[in-house]
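*Asks:* Please find model-v2.txt (compact mmCIF, C-alpha atoms) on the next line:
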# COMPACT_ATOMS: atom_id res chain seq x y z
CA MET A 202 218.93 116.82 219.12
CA LYS A 203 216.37 119.53 219.27
CA VAL A 204 216.41 119.71 215.56
CA ALA A 205 215.89 115.97 215.27
CA ALA A 206 213.07 116.07 217.78
CA LEU A 207 211.32 118.85 215.94
CA ALA A 208 211.69 117.01 212.68
CA ALA A 209 210.24 113.87 214.17
CA LEU A 210 207.33 115.79 215.67
CA SER A 211 206.64 117.43 212.35
CA VAL A 212 206.63 114.04 210.71
CA LEU A 213 204.05 112.78 213.21
CA ILE A 214 201.85 115.79 212.54
CA VAL A 215 202.21 115.74 208.80
CA LEU A 216 201.76 112.01 208.26
CA PRO A 217 198.26 111.68 209.73
CA ALA A 218 197.09 114.63 207.71
CA GLU A 219 198.55 113.20 204.55
CA ALA A 220 197.15 109.81 205.36
CA GLY A 221 193.66 111.24 205.71
CA GLN A 222 194.06 113.14 202.53
CA GLY A 223 195.29 110.04 200.80
CA HIS A 224 192.23 108.16 202.02
CA ARG A 225 190.00 110.78 200.48
CA GLN A 226 191.95 110.99 197.28
CA SER A 227 193.09 107.61 196.16
CA ASP A 228 194.96 109.16 193.30
CA SER A 229 197.41 111.31 195.55
CA PRO A 230 201.12 110.30 195.44
CA LEU A 231 202.56 108.30 198.42
CA ALA A 232 205.49 109.76 200.56
CA ALA A 233 207.99 108.13 203.02
CA CYS A 234 210.14 110.24 205.38
CA ASP A 235 213.15 109.32 207.50
CA ASN A 236 214.17 110.57 210.99
CA ASP A 237 216.04 113.50 209.49
CA GLY A 238 212.91 114.86 207.80
CA HIS A 239 213.84 113.73 204.33
CA CYS A 240 210.79 112.42 202.45
CA THR A 241 210.58 110.36 199.26
CA THR A 242 207.47 110.50 197.02
CA PHE A 243 206.19 107.44 195.06
CA ALA A 244 203.72 107.75 192.17
CA ALA A 245 200.61 105.64 192.77
CA ALA A 246 199.63 103.21 190.11
CA PRO A 247 196.56 104.50 188.26
CA ALA A 248 193.35 102.71 189.05
CA SER A 249 192.28 100.40 186.31
CA SER A 250 189.19 101.62 184.54
CA PRO A 251 186.46 99.12 183.79
CA ARG A 252 186.50 97.91 180.20
CA LYS A 253 183.45 97.44 178.15
CA SER A 254 183.09 94.14 176.38
CA ARG A 255 183.64 94.58 172.67
CA PRO A 256 182.73 92.10 169.97
CA LYS A 257 185.62 90.10 168.80
CA PRO A 258 186.63 91.27 165.33
CA ARG A 259 186.05 88.70 162.63
CA SER A 260 188.74 88.00 160.16
CA ALA A 261 188.33 88.94 156.51
CA ILE A 262 188.42 85.25 155.56
CA ALA A 263 185.49 84.42 157.85
CA VAL A 264 183.44 87.36 156.53
CA ALA A 265 184.12 86.41 152.94
CA SER A 266 183.19 82.78 153.64
CA HIS A 267 179.87 83.80 155.26
CA THR A 268 179.03 86.14 152.37
CA ALA A 269 179.81 83.48 149.80
CA THR A 270 177.62 80.97 151.65
CA ALA A 271 174.66 83.43 151.77
CA ASN A 272 175.08 84.33 148.10
CA ASP A 273 175.25 80.67 147.11
CA GLY A 274 172.03 79.98 149.01
CA ALA A 275 170.23 82.91 147.37
CA ALA A 276 171.51 81.85 143.96
CA THR A 277 170.30 78.31 144.54
CA GLU A 278 166.81 79.53 145.51
CA THR A 279 166.70 81.85 142.49
CA ALA A 280 167.76 79.08 140.14
CA ALA A 281 165.17 76.74 141.61
CA ALA A 282 162.42 79.35 141.15
CA ALA A 283 163.49 80.09 137.59
CA ALA A 284 163.85 76.45 136.56
CA PRO A 285 160.96 75.39 134.25
CA ALA A 286 158.58 72.71 135.40
CA THR A 287 159.40 69.25 134.15
CA ALA A 288 157.18 67.50 131.67
CA THR A 289 155.75 65.31 134.40
CA ASP A 290 154.41 68.40 136.22
CA SER A 291 152.55 69.74 133.14
CA PRO A 292 148.79 69.02 132.89
CA PRO A 293 147.75 66.71 130.07
CA PRO A 294 146.79 68.55 126.84
CA ILE A 295 143.07 69.17 126.34
CA PRO A 296 141.90 67.89 122.94
CA LEU A 297 140.31 70.62 120.85
CA PRO A 298 137.08 69.93 118.99
CA THR A 299 137.40 69.56 115.26
CA PRO A 300 135.81 72.63 113.59
CA ARG A 301 132.86 71.84 111.39
CA PRO A 302 132.84 73.46 107.94
CA GLN A 303 130.19 76.09 107.35
CA GLY A 304 126.95 74.61 106.13
CA ALA A 305 128.00 71.03 106.95
CA ALA A 306 125.23 68.51 107.46
CA LEU A 307 123.90 68.36 111.01
CA GLY A 308 122.87 64.69 110.94
CA ALA A 309 119.54 63.54 112.32
CA ASN A 310 118.88 66.95 113.91
CA ALA A 311 119.56 68.89 110.70
CA ASN A 312 116.05 70.36 110.69
CA ALA A 313 115.42 70.46 114.42
CA GLY A 314 112.86 73.19 115.00
CA GLY A 315 112.17 73.38 111.28
CA VAL A 316 115.43 75.15 110.37
CA ILE A 317 116.56 74.93 106.73
CA ILE A 318 120.31 75.38 106.11
CA SER A 319 122.32 76.03 102.96
CA SER A 320 125.27 73.63 102.74
CA LYS A 321 127.30 76.21 100.77
CA THR A 322 126.68 79.49 102.57
CA GLY A 323 125.10 78.54 105.89
CA ALA A 324 122.06 80.70 105.13
CA ARG A 325 119.08 79.71 107.30
CA ALA A 326 115.32 79.98 107.44
CA ARG A 327 112.63 78.38 109.57
CA VAL A 328 109.56 76.56 108.30
CA GLY A 329 107.02 74.22 109.84
CA VAL A 330 108.64 71.18 111.44
CA ALA A 331 106.35 68.85 109.48
CA TYR A 332 107.60 70.30 106.17
CA ALA A 333 111.27 70.89 106.96
CA ALA A 334 112.60 67.71 105.35
CA ARG A 335 110.86 68.50 102.05
CA PHE A 336 112.20 72.04 101.85
CA GLN A 337 115.69 70.92 102.89
CA ALA A 338 115.79 68.33 100.10
CA TYR A 339 114.73 71.04 97.63
CA ILE A 340 117.57 73.39 98.70
CA ASP A 341 120.14 70.55 98.68
CA ASP A 342 119.06 69.52 95.18
CA LEU A 343 119.43 73.07 93.86
CA GLU A 344 122.94 73.48 95.29
CA LYS A 345 124.34 70.01 94.60
CA ASN A 346 122.80 69.26 91.21
CA HIS A 347 121.92 72.59 89.59
CA GLY A 348 124.77 74.94 90.52
CA ALA A 349 122.74 77.20 92.81
CA ARG A 350 124.29 79.06 95.73
CA ILE A 351 121.62 80.07 98.23
CA LEU A 352 122.67 83.34 99.85
CA PHE A 353 119.47 83.98 101.82
CA MET A 354 116.00 82.57 102.41
CA GLY A 355 112.73 83.62 104.01
CA GLY A 356 110.48 81.25 105.89
CA ILE A 357 107.93 81.78 108.68
CA ARG A 358 106.55 85.31 108.99
CA PRO A 359 104.15 86.91 111.47
CA GLY A 360 100.53 87.04 110.42
CA ARG A 361 97.60 84.80 109.68
CA CYS A 362 97.95 81.79 107.43
CA SER A 363 95.65 81.92 104.34
CA VAL A 364 95.57 80.99 100.66
CA ALA A 365 97.15 84.37 99.98
CA SER A 366 100.20 83.52 102.10
CA GLU A 367 101.28 80.25 103.69
CA HIS A 368 104.36 81.77 105.33
CA PRO A 369 102.74 82.34 108.77
CA CYS A 370 101.95 78.61 109.10
CA GLY A 371 105.41 77.50 107.95
CA LYS A 372 104.31 76.06 104.60
CA ALA A 373 106.24 78.43 102.28
CA LEU A 374 109.86 79.33 101.59
CA ASP A 375 111.26 82.24 99.55
CA VAL A 376 114.64 81.45 97.96
CA CYS A 377 116.91 84.42 97.15
CA GLN A 378 113.87 86.65 96.52
CA LEU A 379 114.56 90.40 96.36
CA ARG A 380 110.87 91.11 95.81
CA ARG A 381 107.96 89.21 94.31
CA GLY A 382 109.06 87.37 91.20
CA ALA A 383 112.64 88.80 91.27
CA VAL A 384 115.59 86.81 92.64
CA ASP A 385 119.22 87.72 93.30
CA PRO A 386 121.23 86.65 90.23
CA ARG A 387 124.21 85.76 92.42
CA CYS A 388 122.25 82.73 93.66
CA ASN A 389 122.32 81.26 90.14
CA LEU A 390 118.87 79.71 90.33
CA PRO A 391 117.54 77.73 87.34
CA GLY A 392 114.97 79.38 85.05
CA ARG A 393 111.28 79.49 85.87
CA ALA A 394 110.30 76.30 84.01
CA ALA A 395 113.26 74.27 85.31
CA LEU A 396 112.80 75.55 88.87
CA SER A 397 109.14 74.59 88.88
CA GLN A 398 110.02 71.03 87.82
CA ILE A 399 112.69 70.72 90.54
CA ALA A 400 110.26 71.97 93.18
CA ALA A 401 107.54 69.56 91.97
CA ALA A 402 110.01 66.65 92.34
CA HIS A 403 110.07 67.40 96.08
CA GLY A 404 106.30 67.83 96.43
CA LEU A 405 106.41 71.65 96.25
CA PHE A 406 104.67 74.20 94.07
CA GLU A 407 106.92 76.91 92.62
CA GLY A 408 105.37 80.42 92.42
CA GLY A 409 106.88 81.08 88.99
CA ARG A 410 104.01 79.02 87.50
CA TRP A 411 101.44 81.70 88.33
CA CYS A 412 100.50 84.34 85.82
CA ASP A 413 101.43 86.91 88.48
CA SER A 414 104.83 85.26 88.77
CA ASP A 415 106.24 84.67 92.22
CA TYR A 416 109.46 83.12 90.94
CA GLY A 417 111.67 82.02 93.85
CA HIS A 418 108.70 81.18 96.08
CA ALA A 419 108.03 77.51 96.90
CA GLN A 420 105.14 76.22 98.98
CA ILE A 421 103.25 73.15 100.12
CA GLY A 422 100.25 72.41 97.86
CA VAL A 423 98.58 74.50 95.18
CA THR A 424 96.59 77.47 96.42
CA ALA A 425 95.93 78.87 92.92
CA PRO A 426 96.05 77.29 89.46
CA SER A 427 99.08 77.68 87.30
CA CYS A 428 98.87 80.31 84.53
CA GLY A 429 96.94 78.99 81.49
CA GLY A 430 97.85 75.43 82.25
CA ARG A 431 101.36 75.92 80.88
CA TRP A 432 104.28 73.83 82.02
CA PRO A 433 102.27 70.70 82.78
CA VAL A 434 104.12 69.70 85.92
CA ARG A 435 102.69 67.18 88.31
CA LEU A 436 103.54 67.61 91.96
CA VAL A 437 105.17 64.60 93.57
CA GLN A 438 103.56 64.20 96.95
CA THR A 439 106.22 63.45 99.55
CA GLY A 440 105.08 63.53 103.13
CA SER A 441 102.12 65.36 104.56
CA ASN A 442 100.67 68.50 103.10
Please render this file's structure as structure tokens.

*Replies:*
Amino acid sequence: MKVAALAALSVLIVLPAEAGQGHRQSDSPLAACDNDGHCTTFAAAPASSPRKSRPKPRSAIAVASHTATANDGAATETAAAAAPATATDSPPPIPLPTPRPQGAALGANANAGGVIISSKTGARARVGVAYAARFQAYIDDLEKNHGARILFMGGIRPGRCSVASEHPCGKALDVCQLRRGAVDPRCNLPGRAALSQIAAAHGLFEGGRWCDSDYGHAQIGVTAPSCGGRWPVRLVQTGSN
């Protein structure tokens, strides 16, 4: 009996201490004792630790489907950007002007500003507006009817108009002249006598008729008599002088 009483007393002493310790340490094992001092220990269930929420894994099929959808969308946008515009979206074609051949006639304004133009080469020279039509007819006649090819001409020059030179007042034109009385053979001008007759037909005086020949020079009116009265050519007056 004494032994049983001591055992019971020891149980009463030990249990409160273990209970306090168990309160402080929730992870300590639990024990149960009988009247004879035999105790049985039970393992405490471990406290559940909080779990962090994790994203739900996606299946391989779902991932492949999403990728295919994104790729199809990108491919559609790329194809749409690369597709050429339809004919209805193109602006209407702009008609291009028809090029005019060099030296072509310029119509009513052919001699605007007194400009003389070769129909074969496009060579130009400027004379007085009042005399432009006469000089232009002379050049056209030489090229169309006498096989000439006017490569260059000389018209108005700086200076003072006088009987020595009518160039400053726009009343004279040099045709293919290299220097006084000498013309470029490539222009294929008629001879002195023939050229003077052609010029006279257009109301012009040809410088080759002077004793100091100025072959290739044509002018309005006669500022000096022809040499010795040769080549009796009468000027045909056309227009004002």

*Asks:* Within 8 Å of range 347-361 of chain A, counting all atoms listed in the file, which residues qualify if same-chain residues fewer than 6 places away don't, as a list of chain:residue names?

*Replies:*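 These residues fall inside the cut-off: A:Ser319, A:Lys321, A:Thr322, A:Ala324, A:Arg325, A:Ala326, A:Arg327, A:Val328, A:Gly329, A:Ile340, A:His368, A:Pro369, A:Cys370, A:Gly371, A:Lys372, A:Ala373, A:Leu374, A:Asp375, A:Val376, A:Cys377, A:Gln378, A:Arg387, A:Cys388, A:Asn389, A:Leu390, A:Pro391.
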
*Asks:* I'd like the interatomic distance between CA of Gly422 in chain A and CA of Gly404 in chain A, to a tenth of an Å.

*Replies:* 7.7 Å

*Asks:* Just give me the gap between CA of Ala313 in chain A and CA of Tyr339 in chain A in Å, one decimal is fine.

*Replies:*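 CA of Tyr339 in chain A lies at a distance of 16.8 Å from CA of Ala313 in chain A.
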
*Asks:* What gap, in Å, lies between CA of Cys362 in chain A and CA of Ala395 in chain A?

*Replies:*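 Computing it gives 27.9 Å between the two atoms.
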
*Asks:* Do a neighbour search on Ala425 in chain A at 12 Å with all atoms listed in the file, toss out local chain neighbours closer than 3 positions, and write the hits as a PyMOL selection string.

*Replies:* chain A and resi 363-366+406-415+420-422+428-430

*Asks:* For range 414-427 of chain A, where the input has fewer atoms than it should, I would like N, CA and C atoms rebuilt and written as a JSON list (two decimals), in the frame of the given file.

*Replies:*
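part.json was written with the following content:
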[["chain", "number", "residue", "atom", "x", "y", "z"],
["A", 414, "SER", "N", 103.69, 86.10, 88.38],
["A", 414, "SER", "CA", 104.83, 85.26, 88.77],
["A", 414, "SER", "C", 105.37, 85.60, 90.15],
["A", 415, "ASP", "N", 105.58, 84.54, 90.91],
["A", 415, "ASP", "CA", 106.24, 84.67, 92.22],
["A", 415, "ASP", "C", 107.48, 83.77, 92.20],
["A", 416, "TYR", "N", 108.25, 83.92, 91.15],
["A", 416, "TYR", "CA", 109.46, 83.12, 90.94],
["A", 416, "TYR", "C", 110.40, 83.23, 92.15],
["A", 417, "GLY", "N", 110.83, 82.08, 92.65],
["A", 417, "GLY", "CA", 111.67, 82.02, 93.85],
["A", 417, "GLY", "C", 110.88, 81.62, 95.08],
["A", 418, "HIS", "N", 109.56, 81.56, 94.96],
["A", 418, "HIS", "CA", 108.70, 81.18, 96.08],
["A", 418, "HIS", "C", 108.28, 79.73, 95.90],
["A", 419, "ALA", "N", 108.47, 78.91, 96.93],
["A", 419, "ALA", "CA", 108.03, 77.51, 96.90],
["A", 419, "ALA", "C", 107.12, 77.29, 98.09],
["A", 420, "GLN", "N", 106.09, 76.45, 97.90],
["A", 420, "GLN", "CA", 105.14, 76.22, 98.98],
["A", 420, "GLN", "C", 104.59, 74.81, 98.93],
["A", 421, "ILE", "N", 103.91, 74.45, 100.03],
["A", 421, "ILE", "CA", 103.25, 73.15, 100.12],
["A", 421, "ILE", "C", 101.86, 73.26, 99.47],
["A", 422, "GLY", "N", 101.58, 72.42, 98.49],
["A", 422, "GLY", "CA", 100.25, 72.41, 97.86],
["A", 422, "GLY", "C", 100.05, 73.56, 96.89],
["A", 423, "VAL", "N", 98.94, 73.50, 96.19],
["A", 423, "VAL", "CA", 98.58, 74.50, 95.18],
["A", 423, "VAL", "C", 97.43, 75.32, 95.72],
["A", 424, "THR", "N", 97.65, 76.59, 95.92],
["A", 424, "THR", "CA", 96.59, 77.47, 96.42],
["A", 424, "THR", "C", 95.92, 78.25, 95.29],
["A", 425, "ALA", "N", 96.51, 78.22, 94.10],
["A", 425, "ALA", "CA", 95.93, 78.87, 92.92],
["A", 425, "ALA", "C", 96.44, 78.12, 91.70],
["A", 426, "PRO", "N", 95.63, 78.05, 90.65],
["A", 426, "PRO", "CA", 96.05, 77.29, 89.46],
["A", 426, "PRO", "C", 97.21, 77.96, 88.75],
["A", 427, "SER", "N", 97.97, 77.14, 88.06],
["A", 427, "SER", "CA", 99.08, 77.68, 87.30],
["A", 427, "SER", "C", 98.53, 78.49, 86.13]]
